[in-house]
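Source file: work27.cif. Holds: mmCIF, C-alpha atoms; chains and numbers go by the auth columns.
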data_run
loop_
_atom_site.group_PDB
_atom_site.id
_atom_site.type_symbol
_atom_site.label_atom_id
_atom_site.label_comp_id
_atom_site.label_asym_id
_atom_site.label_seq_id
_atom_site.Cartn_x
_atom_site.Cartn_y
_atom_site.Cartn_z
_atom_site.B_iso_or_equiv
_atom_site.auth_seq_id
_atom_site.auth_asym_id
ATOM 1 C CA ASN A 1 96.424 99.423 134.159 0.00 41 A
ATOM 2 C CA ALA A 2 96.543 96.457 136.509 0.00 42 A
ATOM 3 C CA GLY A 3 93.632 94.849 134.651 0.00 43 A
ATOM 4 C CA VAL A 4 91.663 92.325 136.720 0.00 44 A
ATOM 5 C CA THR A 5 93.145 91.530 140.120 0.00 45 A
ATOM 6 C CA GLN A 6 92.091 88.805 142.545 0.00 46 A
ATOM 7 C CA THR A 7 93.019 88.209 146.151 0.00 47 A
ATOM 8 C CA PRO A 8 94.030 85.975 147.742 0.00 48 A
ATOM 9 C CA LYS A 9 95.974 83.751 145.309 0.00 49 A
ATOM 10 C CA PHE A 10 95.644 80.725 147.582 0.00 50 A
ATOM 11 C CA GLN A 11 93.319 79.950 150.480 0.00 51 A
ATOM 12 C CA VAL A 12 92.662 76.950 152.702 0.00 52 A
ATOM 13 C CA LEU A 13 89.421 76.848 154.673 0.00 53 A
ATOM 14 C CA LYS A 14 87.805 74.418 157.036 0.00 54 A
ATOM 15 C CA THR A 15 84.294 73.160 156.371 0.00 55 A
ATOM 16 C CA GLY A 16 81.751 75.661 157.626 0.00 56 A
ATOM 17 C CA GLN A 17 84.007 78.711 157.499 0.00 57 A
ATOM 18 C CA SER A 18 83.012 81.747 155.485 0.00 58 A
ATOM 19 C CA MET A 19 85.202 83.997 153.428 0.00 59 A
ATOM 20 C CA THR A 20 85.186 86.593 150.662 0.00 60 A
ATOM 21 C CA LEU A 21 87.176 86.338 147.444 0.00 61 A
ATOM 22 C CA GLN A 22 88.069 89.762 146.174 0.00 62 A
ATOM 23 C CA CYS A 23 87.987 90.891 142.553 0.00 63 A
ATOM 24 C CA ALA A 24 88.753 94.355 141.232 0.00 64 A
ATOM 25 C CA GLN A 25 89.252 95.877 137.803 0.00 65 A
ATOM 26 C CA ASP A 26 90.552 99.292 136.812 0.00 66 A
ATOM 27 C CA MET A 27 89.305 99.335 133.218 0.00 67 A
ATOM 28 C CA ASN A 28 85.881 100.846 134.001 0.00 68 A
ATOM 29 C CA HIS A 29 84.200 97.699 132.724 0.00 69 A
ATOM 30 C CA GLU A 30 80.483 97.362 133.326 0.00 70 A
ATOM 31 C CA TYR A 31 80.286 93.579 133.080 0.00 71 A
ATOM 32 C CA MET A 32 81.896 91.320 135.682 0.00 72 A
ATOM 33 C CA SER A 33 81.523 87.643 136.390 0.00 73 A
ATOM 34 C CA TRP A 34 82.735 84.809 138.600 0.00 74 A
ATOM 35 C CA TYR A 35 83.590 81.319 137.364 0.00 75 A
ATOM 36 C CA ARG A 36 84.817 78.180 139.032 0.00 76 A
ATOM 37 C CA GLN A 37 87.046 75.649 137.332 0.00 77 A
ATOM 38 C CA ASP A 38 87.400 72.117 138.624 0.00 78 A
ATOM 39 C CA PRO A 39 90.276 69.850 137.518 0.00 79 A
ATOM 40 C CA GLY A 40 90.000 68.904 133.853 0.00 80 A
ATOM 41 C CA MET A 41 86.822 70.895 133.466 0.00 81 A
ATOM 42 C CA GLY A 42 85.665 74.035 131.779 0.00 82 A
ATOM 43 C CA LEU A 43 84.624 77.187 133.543 0.00 83 A
ATOM 44 C CA ARG A 44 81.193 77.306 135.120 0.00 84 A
ATOM 45 C CA LEU A 45 79.490 80.635 135.680 0.00 85 A
ATOM 46 C CA ILE A 46 78.589 81.318 139.319 0.00 86 A
ATOM 47 C CA HIS A 47 77.240 84.882 139.312 0.00 87 A
ATOM 48 C CA TYR A 48 77.542 87.882 137.066 0.00 88 A
ATOM 49 C CA SER A 49 76.837 91.609 137.070 0.00 89 A
ATOM 50 C CA VAL A 50 75.999 93.983 134.236 0.00 90 A
ATOM 51 C CA GLY A 51 76.671 97.083 136.310 0.00 91 A
ATOM 52 C CA ALA A 52 76.825 98.502 139.819 0.00 92 A
ATOM 53 C CA GLY A 53 73.830 97.382 141.837 0.00 93 A
ATOM 54 C CA ILE A 54 72.819 94.656 139.353 0.00 94 A
ATOM 55 C CA THR A 55 73.685 91.003 139.808 0.00 95 A
ATOM 56 C CA ASP A 56 72.248 87.724 138.563 0.00 96 A
ATOM 57 C CA GLN A 57 72.798 84.010 138.963 0.00 97 A
ATOM 58 C CA GLY A 58 74.798 81.830 136.631 0.00 98 A
ATOM 59 C CA GLU A 59 74.883 78.046 136.283 0.00 99 A
ATOM 60 C CA VAL A 60 76.103 77.144 139.790 0.00 100 A
ATOM 61 C CA PRO A 61 75.096 79.909 142.252 0.00 101 A
ATOM 62 C CA ASN A 62 74.256 77.800 145.320 0.00 102 A
ATOM 63 C CA GLY A 63 76.484 78.477 148.301 0.00 103 A
ATOM 64 C CA TYR A 64 77.748 81.811 146.946 0.00 104 A
ATOM 65 C CA ASN A 65 76.664 85.421 147.294 0.00 105 A
ATOM 66 C CA VAL A 66 77.750 88.493 145.391 0.00 106 A
ATOM 67 C CA SER A 67 77.156 92.222 145.486 0.00 107 A
ATOM 68 C CA ARG A 68 78.290 95.042 143.234 0.00 108 A
ATOM 69 C CA SER A 69 78.352 98.375 145.053 0.00 109 A
ATOM 70 C CA THR A 70 80.948 99.962 142.753 0.00 110 A
ATOM 71 C CA THR A 71 81.954 99.503 139.123 0.00 111 A
ATOM 72 C CA GLU A 72 85.441 98.394 140.181 0.00 112 A
ATOM 73 C CA ASP A 73 84.743 95.662 142.734 0.00 113 A
ATOM 74 C CA PHE A 74 82.834 92.394 142.599 0.00 114 A
ATOM 75 C CA PRO A 75 83.456 90.249 145.693 0.00 115 A
ATOM 76 C CA LEU A 76 82.322 86.638 145.945 0.00 116 A
ATOM 77 C CA ARG A 77 81.237 85.378 149.341 0.00 117 A
ATOM 78 C CA LEU A 78 81.241 81.772 150.429 0.00 118 A
ATOM 79 C CA LEU A 79 78.660 81.537 153.177 0.00 119 A
ATOM 80 C CA SER A 80 79.588 78.174 154.720 0.00 120 A
ATOM 81 C CA ALA A 81 82.428 76.458 152.879 0.00 121 A
ATOM 82 C CA ALA A 82 82.058 72.837 151.816 0.00 122 A
ATOM 83 C CA PRO A 83 84.658 70.446 150.329 0.00 123 A
ATOM 84 C CA SER A 84 82.660 70.533 147.073 0.00 124 A
ATOM 85 C CA GLN A 85 83.678 74.181 146.750 0.00 125 A
ATOM 86 C CA THR A 86 87.335 73.259 146.416 0.00 126 A
ATOM 87 C CA SER A 87 88.188 74.761 143.057 0.00 127 A
ATOM 88 C CA VAL A 88 89.984 77.524 141.191 0.00 128 A
ATOM 89 C CA TYR A 89 87.920 80.697 141.036 0.00 129 A
ATOM 90 C CA PHE A 90 88.313 83.181 138.199 0.00 130 A
ATOM 91 C CA CYS A 91 86.883 86.653 137.984 0.00 131 A
ATOM 92 C CA ALA A 92 86.401 88.263 134.563 0.00 132 A
ATOM 93 C CA SER A 93 85.295 91.610 133.190 0.00 133 A
ATOM 94 C CA SER A 94 84.384 93.173 129.859 0.00 134 A
ATOM 95 C CA PRO A 95 83.377 96.704 128.780 0.00 135 A
ATOM 96 C CA THR A 96 79.744 95.692 128.328 0.00 136 A
ATOM 97 C CA GLY A 97 77.772 92.498 128.298 0.00 137 A
ATOM 98 C CA GLU A 98 77.690 92.584 124.520 0.00 138 A
ATOM 99 C CA TYR A 99 81.471 93.008 124.153 0.00 139 A
ATOM 100 C CA ASN A 100 83.061 89.883 122.768 0.00 140 A
ATOM 101 C CA GLU A 101 86.174 89.539 124.886 0.00 141 A
ATOM 102 C CA GLN A 102 86.244 88.845 128.610 0.00 142 A
ATOM 103 C CA PHE A 103 89.406 89.662 130.563 0.00 143 A
ATOM 104 C CA PHE A 104 90.243 87.183 133.288 0.00 144 A
ATOM 105 C CA GLY A 105 92.053 87.648 136.577 0.00 145 A
ATOM 106 C CA PRO A 106 94.834 85.264 137.698 0.00 146 A
ATOM 107 C CA GLY A 107 92.540 83.119 139.820 0.00 147 A
ATOM 108 C CA THR A 108 92.182 82.109 143.465 0.00 148 A
ATOM 109 C CA ARG A 109 92.987 78.513 144.364 0.00 149 A
ATOM 110 C CA LEU A 110 90.666 77.464 147.196 0.00 150 A
ATOM 111 C CA THR A 111 90.873 74.256 149.194 0.00 151 A
ATOM 112 C CA VAL A 112 88.150 73.359 151.689 0.00 152 A
ATOM 113 C CA LEU A 113 89.100 70.680 154.194 0.00 153 A
ATOM 114 C CA GLY B 1 69.944 72.387 129.339 0.00 298 B
ATOM 115 C CA GLN B 2 73.092 73.832 127.842 0.00 299 B
ATOM 116 C CA SER B 3 75.868 71.668 126.420 0.00 300 B
ATOM 117 C CA LEU B 4 79.030 72.237 124.456 0.00 301 B
ATOM 118 C CA GLU B 5 81.020 69.262 123.157 0.00 302 B
ATOM 119 C CA GLN B 6 84.672 69.346 122.223 0.00 303 B
ATOM 120 C CA PRO B 7 87.359 66.638 122.142 0.00 304 B
ATOM 121 C CA SER B 8 89.184 66.192 125.425 0.00 305 B
ATOM 122 C CA GLU B 9 92.667 65.832 123.934 0.00 306 B
ATOM 123 C CA VAL B 10 94.472 66.476 120.665 0.00 307 B
ATOM 124 C CA THR B 11 98.119 65.803 119.844 0.00 308 B
ATOM 125 C CA ALA B 12 100.059 67.238 116.916 0.00 309 B
ATOM 126 C CA VAL B 13 103.635 67.902 115.888 0.00 310 B
ATOM 127 C CA GLU B 14 105.372 71.233 115.604 0.00 311 B
ATOM 128 C CA GLY B 15 104.662 72.952 112.296 0.00 312 B
ATOM 129 C CA ALA B 16 101.475 71.004 111.664 0.00 313 B
ATOM 130 C CA ILE B 17 97.852 72.189 111.451 0.00 314 B
ATOM 131 C CA VAL B 18 95.246 71.122 113.991 0.00 315 B
ATOM 132 C CA GLN B 19 91.498 71.668 114.145 0.00 316 B
ATOM 133 C CA ILE B 20 89.516 71.652 117.385 0.00 317 B
ATOM 134 C CA ASN B 21 85.783 71.166 116.913 0.00 318 B
ATOM 135 C CA CYS B 22 82.936 72.405 119.067 0.00 319 B
ATOM 136 C CA THR B 23 79.264 71.538 118.816 0.00 320 B
ATOM 137 C CA TYR B 24 76.724 73.251 121.004 0.00 321 B
ATOM 138 C CA GLN B 25 73.156 72.995 122.197 0.00 322 B
ATOM 139 C CA THR B 26 72.131 76.100 124.114 0.00 323 B
ATOM 140 C CA SER B 27 68.932 77.950 124.955 0.00 324 B
ATOM 141 C CA GLY B 28 70.225 81.086 123.266 0.00 325 B
ATOM 142 C CA PHE B 29 73.027 81.848 120.846 0.00 326 B
ATOM 143 C CA TYR B 30 74.685 85.176 120.137 0.00 327 B
ATOM 144 C CA GLY B 31 78.186 84.055 119.286 0.00 328 B
ATOM 145 C CA LEU B 32 80.951 81.497 119.720 0.00 329 B
ATOM 146 C CA SER B 33 84.235 82.399 121.406 0.00 330 B
ATOM 147 C CA TRP B 34 87.511 80.586 121.849 0.00 331 B
ATOM 148 C CA TYR B 35 89.839 80.950 124.831 0.00 332 B
ATOM 149 C CA GLN B 36 93.317 79.607 125.475 0.00 333 B
ATOM 150 C CA GLN B 37 94.527 78.584 128.916 0.00 334 B
ATOM 151 C CA HIS B 38 98.061 77.575 129.775 0.00 335 B
ATOM 152 C CA ASP B 39 98.516 75.285 132.742 0.00 336 B
ATOM 153 C CA GLY B 40 97.572 77.105 135.920 0.00 337 B
ATOM 154 C CA GLY B 41 96.993 80.383 134.151 0.00 338 B
ATOM 155 C CA ALA B 42 94.077 82.638 133.341 0.00 339 B
ATOM 156 C CA PRO B 43 92.063 82.036 130.166 0.00 340 B
ATOM 157 C CA THR B 44 92.856 84.489 127.377 0.00 341 B
ATOM 158 C CA PHE B 45 90.585 85.434 124.509 0.00 342 B
ATOM 159 C CA LEU B 46 91.432 84.188 121.015 0.00 343 B
ATOM 160 C CA SER B 47 88.465 84.822 118.735 0.00 344 B
ATOM 161 C CA TYR B 48 84.745 85.429 118.395 0.00 345 B
ATOM 162 C CA ASN B 49 82.282 84.493 115.645 0.00 346 B
ATOM 163 C CA ALA B 50 78.756 85.860 115.574 0.00 347 B
ATOM 164 C CA LEU B 51 78.077 85.146 111.912 0.00 348 B
ATOM 165 C CA ASP B 52 78.699 82.116 109.718 0.00 349 B
ATOM 166 C CA GLY B 53 82.109 81.885 108.140 0.00 350 B
ATOM 167 C CA LEU B 54 85.789 82.010 108.858 0.00 351 B
ATOM 168 C CA GLU B 55 87.618 84.622 110.949 0.00 352 B
ATOM 169 C CA GLU B 56 91.403 84.708 110.656 0.00 353 B
ATOM 170 C CA THR B 57 93.825 86.175 113.175 0.00 354 B
ATOM 171 C CA GLY B 58 97.419 85.352 112.391 0.00 355 B
ATOM 172 C CA ARG B 59 98.069 81.637 112.805 0.00 356 B
ATOM 173 C CA PHE B 60 94.641 81.082 114.334 0.00 357 B
ATOM 174 C CA SER B 61 91.317 80.923 112.491 0.00 358 B
ATOM 175 C CA SER B 62 87.833 80.258 113.786 0.00 359 B
ATOM 176 C CA PHE B 63 84.797 79.043 111.887 0.00 360 B
ATOM 177 C CA LEU B 64 81.095 79.052 112.668 0.00 361 B
ATOM 178 C CA SER B 65 78.075 77.377 111.114 0.00 362 B
ATOM 179 C CA ARG B 66 74.974 78.468 113.010 0.00 363 B
ATOM 180 C CA SER B 67 72.694 76.114 111.074 0.00 364 B
ATOM 181 C CA ASP B 68 74.825 73.144 112.187 0.00 365 B
ATOM 182 C CA SER B 69 75.445 74.489 115.729 0.00 366 B
ATOM 183 C CA TYR B 70 79.105 73.875 115.041 0.00 367 B
ATOM 184 C CA GLY B 71 82.361 75.706 115.055 0.00 368 B
ATOM 185 C CA TYR B 72 86.057 75.018 115.054 0.00 369 B
ATOM 186 C CA LEU B 73 89.374 76.585 115.904 0.00 370 B
ATOM 187 C CA LEU B 74 92.177 76.053 113.407 0.00 371 B
ATOM 188 C CA LEU B 75 95.758 76.442 114.523 0.00 372 B
ATOM 189 C CA GLN B 76 98.412 76.579 111.820 0.00 373 B
ATOM 190 C CA GLU B 77 102.204 76.331 111.961 0.00 374 B
ATOM 191 C CA LEU B 78 101.989 74.856 115.427 0.00 375 B
ATOM 192 C CA GLN B 79 104.614 75.910 117.943 0.00 376 B
ATOM 193 C CA MET B 80 105.542 74.313 121.256 0.00 377 B
ATOM 194 C CA LYS B 81 104.061 77.310 123.070 0.00 378 B
ATOM 195 C CA ASP B 82 100.642 76.418 121.610 0.00 379 B
ATOM 196 C CA SER B 83 100.481 73.480 124.047 0.00 380 B
ATOM 197 C CA ALA B 84 97.563 74.542 126.232 0.00 381 B
ATOM 198 C CA SER B 85 93.868 73.968 126.836 0.00 382 B
ATOM 199 C CA TYR B 86 91.390 75.503 124.404 0.00 383 B
ATOM 200 C CA PHE B 87 87.802 76.258 125.352 0.00 384 B
ATOM 201 C CA CYS B 88 84.857 77.123 123.187 0.00 385 B
ATOM 202 C CA ALA B 89 82.200 79.277 124.796 0.00 386 B
ATOM 203 C CA VAL B 90 78.734 80.378 123.702 0.00 387 B
ATOM 204 C CA THR B 91 77.275 83.787 124.504 0.00 388 B
ATOM 205 C CA VAL B 92 73.730 82.779 125.454 0.00 389 B
ATOM 206 C CA SER B 93 72.362 86.216 126.283 0.00 390 B
ATOM 207 C CA GLY B 94 72.776 89.257 124.080 0.00 391 B
ATOM 208 C CA ASN B 95 72.288 91.983 126.665 0.00 392 B
ATOM 209 C CA THR B 96 74.111 90.350 129.560 0.00 393 B
ATOM 210 C CA GLY B 97 76.985 88.648 127.745 0.00 394 B
ATOM 211 C CA LYS B 98 76.425 85.483 129.744 0.00 395 B
ATOM 212 C CA LEU B 99 78.970 82.851 128.630 0.00 396 B
ATOM 213 C CA ILE B 100 78.704 79.059 128.816 0.00 397 B
ATOM 214 C CA PHE B 101 82.003 77.176 128.378 0.00 398 B
ATOM 215 C CA GLY B 102 82.835 73.772 126.979 0.00 399 B
ATOM 216 C CA GLN B 103 84.995 71.405 129.021 0.00 400 B
ATOM 217 C CA GLY B 104 88.103 72.199 127.026 0.00 401 B
ATOM 218 C CA THR B 105 90.517 70.460 124.669 0.00 402 B
ATOM 219 C CA THR B 106 94.076 69.841 125.800 0.00 403 B
ATOM 220 C CA LEU B 107 96.456 70.317 122.887 0.00 404 B
ATOM 221 C CA GLN B 108 99.880 68.739 123.155 0.00 405 B
ATOM 222 C CA VAL B 109 102.418 69.855 120.574 0.00 406 B
ATOM 223 C CA LYS B 110 105.353 67.469 120.119 0.00 407 B
ATOM 224 C CA PRO B 111 108.715 68.273 118.544 0.00 408 B
#
Exercise: express the given structure as structure tokens:
Amino acid sequence: NAGVTQTPKFQVLKTGQSMTLQCAQDMNHEYMSWYRQDPGMGLRLIHYSVGAGITDQGEVPNGYNVSRSTTEDFPLRLLSAAPSQTSVYFCASSPTGEYNEQFFGPGTRLTVL
Amino acid sequence: GQSLEQPSEVTAVEGAIVQINCTYQTSGFYGLSWYQQHDGGAPTFLSYNALDGLEETGRFSSFLSRSDSYGYLLLQELQMKDSASYFCAVTVSGNTGKLIFGQGTTLQVKP
């Protein structure tokens, strides 16, 4: 199993550009989530999904959209990038929402100029 | 609001024992988790406590007191590779698994 994969690893955007961060898992996990981590900070939940077709907002959802059309994929869309969105983005999955352990991808390092 | 408090930095020597505390104030509570993150890497799961008491996994133990909204991670026989950031996280929703993280504690292990 590849586990949780994220692409790209690094990305530089200009203010106002849009892009999609990809996240995929091959463990048939129902629960997936997106976090952002700013320097010296913890992880803040952006959006999460408890299954295909079901998504909900986390702590910091503004400026981001998600969809979950399949169990495997959970892309995160930045609609109009802003410098405040410069961060490291982590995707995570777990078998169910109630399962204790979340499995994290390697992260995408995004810089918005 | 939701808040988790943990010390920002802890330093200890190889072979020693260190305790990282976490206090929380959240709208819901289903359990307290601990994650380890090495510089630039992905967080990895260490432990989970849903009930009061101590859970032991090798050199690491985790404790929870729900009445005090408090938990800690205990690391024994410290090794250089334990130098990392440690995050506590509260599961605030039972059916969605929604996690809220603390800001992390950077542990530096010295020879």
Given the file shown, determine the residues that the PyMOL selection byres ((chain A) within 12 of (chain B)) selects; report them as a compact mmCIF listing (two decimals) with C-alpha atoms, in the frame of the given file.
# COMPACT_ATOMS: atom_id res chain seq x y z
CA VAL A 44 91.66 92.32 136.72
CA THR A 45 93.14 91.53 140.12
CA GLN A 46 92.09 88.80 142.54
CA LYS A 49 95.97 83.75 145.31
CA GLU A 70 80.48 97.36 133.33
CA TYR A 71 80.29 93.58 133.08
CA MET A 72 81.90 91.32 135.68
CA SER A 73 81.52 87.64 136.39
CA TRP A 74 82.74 84.81 138.60
CA TYR A 75 83.59 81.32 137.36
CA ARG A 76 84.82 78.18 139.03
CA GLN A 77 87.05 75.65 137.33
CA ASP A 78 87.40 72.12 138.62
CA PRO A 79 90.28 69.85 137.52
CA GLY A 80 90.00 68.90 133.85
CA MET A 81 86.82 70.90 133.47
CA GLY A 82 85.66 74.04 131.78
CA LEU A 83 84.62 77.19 133.54
CA ARG A 84 81.19 77.31 135.12
CA LEU A 85 79.49 80.64 135.68
CA ILE A 86 78.59 81.32 139.32
CA HIS A 87 77.24 84.88 139.31
CA TYR A 88 77.54 87.88 137.07
CA SER A 89 76.84 91.61 137.07
CA VAL A 90 76.00 93.98 134.24
CA GLY A 91 76.67 97.08 136.31
CA ILE A 94 72.82 94.66 139.35
CA THR A 95 73.68 91.00 139.81
CA ASP A 96 72.25 87.72 138.56
CA GLN A 97 72.80 84.01 138.96
CA GLY A 98 74.80 81.83 136.63
CA GLU A 99 74.88 78.05 136.28
CA VAL A 100 76.10 77.14 139.79
CA VAL A 128 89.98 77.52 141.19
CA TYR A 129 87.92 80.70 141.04
CA PHE A 130 88.31 83.18 138.20
CA CYS A 131 86.88 86.65 137.98
CA ALA A 132 86.40 88.26 134.56
CA SER A 133 85.30 91.61 133.19
CA SER A 134 84.38 93.17 129.86
CA PRO A 135 83.38 96.70 128.78
CA THR A 136 79.74 95.69 128.33
CA GLY A 137 77.77 92.50 128.30
CA GLU A 138 77.69 92.58 124.52
CA TYR A 139 81.47 93.01 124.15
CA ASN A 140 83.06 89.88 122.77
CA GLU A 141 86.17 89.54 124.89
CA GLN A 142 86.24 88.84 128.61
CA PHE A 143 89.41 89.66 130.56
CA PHE A 144 90.24 87.18 133.29
CA GLY A 145 92.05 87.65 136.58
CA PRO A 146 94.83 85.26 137.70
CA GLY A 147 92.54 83.12 139.82
CA THR A 148 92.18 82.11 143.46
CA ARG A 149 92.99 78.51 144.36
Report, in Å to a single decimal, how far apart CA of Pro48 (chain A) and CA of Ala121 (chain A) are.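 Calculated distance between CA of Ala121 (chain A) and CA of Pro48 (chain A) is 15.9 Å.
Distance-wise, CA of Phe357 (chain B) and CA of Thr323 (chain B) end up 25.0 Å apart.
Comparing the minimum interatomic distances between His335 (chain B) and each of B:Arg363, B:Lys378, B:Lys407, B:Arg356, counting all atoms listed in the file, we find that B:Lys378 sits nearest.
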CA of Leu301 (chain B) and CA of Ser366 (chain B) are how many Å apart?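 Those two atoms sit 9.7 Å apart.
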When you look at region 309-312 of chain B with a cut-off of 10 Å (counting only C-alpha atoms), what residues show up, excluding the ones that are within fewer than 3 positions of it in the same chain? I need them as a PyMOL selection string. chain B and resi 315+372-380+404-408
How would the residues just chosen look if you wrote them out with C-alpha atoms as a short mmCIF file (atom, residue, chain, number, x, y, z; two decimals), in the coordinates of the input?
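Written output follows (again_28.cif):
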data_model
loop_
_atom_site.label_atom_id
_atom_site.label_comp_id
_atom_site.auth_asym_id
_atom_site.auth_seq_id
_atom_site.Cartn_x
_atom_site.Cartn_y
_atom_site.Cartn_z
CA VAL B 315 95.25 71.12 113.99
CA LEU B 372 95.76 76.44 114.52
CA GLN B 373 98.41 76.58 111.82
CA GLU B 374 102.20 76.33 111.96
CA LEU B 375 101.99 74.86 115.43
CA GLN B 376 104.61 75.91 117.94
CA MET B 377 105.54 74.31 121.26
CA LYS B 378 104.06 77.31 123.07
CA ASP B 379 100.64 76.42 121.61
CA SER B 380 100.48 73.48 124.05
CA LEU B 404 96.46 70.32 122.89
CA GLN B 405 99.88 68.74 123.16
CA VAL B 406 102.42 69.86 120.57
CA LYS B 407 105.35 67.47 120.12
CA PRO B 408 108.72 68.27 118.54
#
Give me the residues near Leu61 (chain A) as a list in words, where near means some atom within 7 Å (using all atoms listed in the file) and where sequence neighbours in that chain fewer than 4 positions away do not count. Thr47, Pro48, Pro115, Leu116 and Arg117 of chain A
Give me a file of those residues, with C-alpha atoms, as a PDB file, in the frame of the given file.
ATOM      1  CA  THR A  47      93.019  88.209 146.151  1.00  0.00           C
ATOM      2  CA  PRO A  48      94.030  85.975 147.742  1.00  0.00           C
ATOM      3  CA  PRO A 115      83.456  90.249 145.693  1.00  0.00           C
ATOM      4  CA  LEU A 116      82.322  86.638 145.945  1.00  0.00           C
ATOM      5  CA  ARG A 117      81.237  85.378 149.341  1.00  0.00           C
TER       6      ARG A 117
END
To test your reading of the syntax: which residues would the PyMOL selection byres ((chain A and resi 65-68) around 6) return for the file shown? Reply as a list of chain:residue names.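 This file, filtered by the PyMOL selection byres ((chain A and resi 65-68) around 6), leaves A:Gly43, A:Val44, A:Ala64, A:His69, A:Glu112.
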Emit as AutoDock Vina command-line options the padded axis-aligned box for all listed atoms of region 60-65 of chain A, 6 Å per side, with centre and edge lengths in Å to one decimal.
--center_x 87.2 --center_y 91.1 --center_z 144.2 --size_x 16.1 --size_y 21.5 --size_z 24.9
Here's the selection I'm unsure about, the PyMOL selection byres ((chain B and resi 324) around 8); applied to the file above, which residues does it give, as a list in words?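 Applying the PyMOL selection byres ((chain B and resi 324) around 8) to the structure shown produces Gly298, Gln299, Gln322, Thr323, Gly325, Phe326 and Val389 of chain B.
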Emit the selected residues as a PDB file, keeping the file's coordinate frame, including C-alpha atoms.
ATOM      1  CA  GLY B 298      69.944  72.387 129.339  1.00  0.00           C
ATOM      2  CA  GLN B 299      73.092  73.832 127.842  1.00  0.00           C
ATOM      3  CA  GLN B 322      73.156  72.995 122.197  1.00  0.00           C
ATOM      4  CA  THR B 323      72.131  76.100 124.114  1.00  0.00           C
ATOM      5  CA  GLY B 325      70.225  81.086 123.266  1.00  0.00           C
ATOM      6  CA  PHE B 326      73.027  81.848 120.846  1.00  0.00           C
ATOM      7  CA  VAL B 389      73.730  82.779 125.454  1.00  0.00           C
TER       8      VAL B 389
END
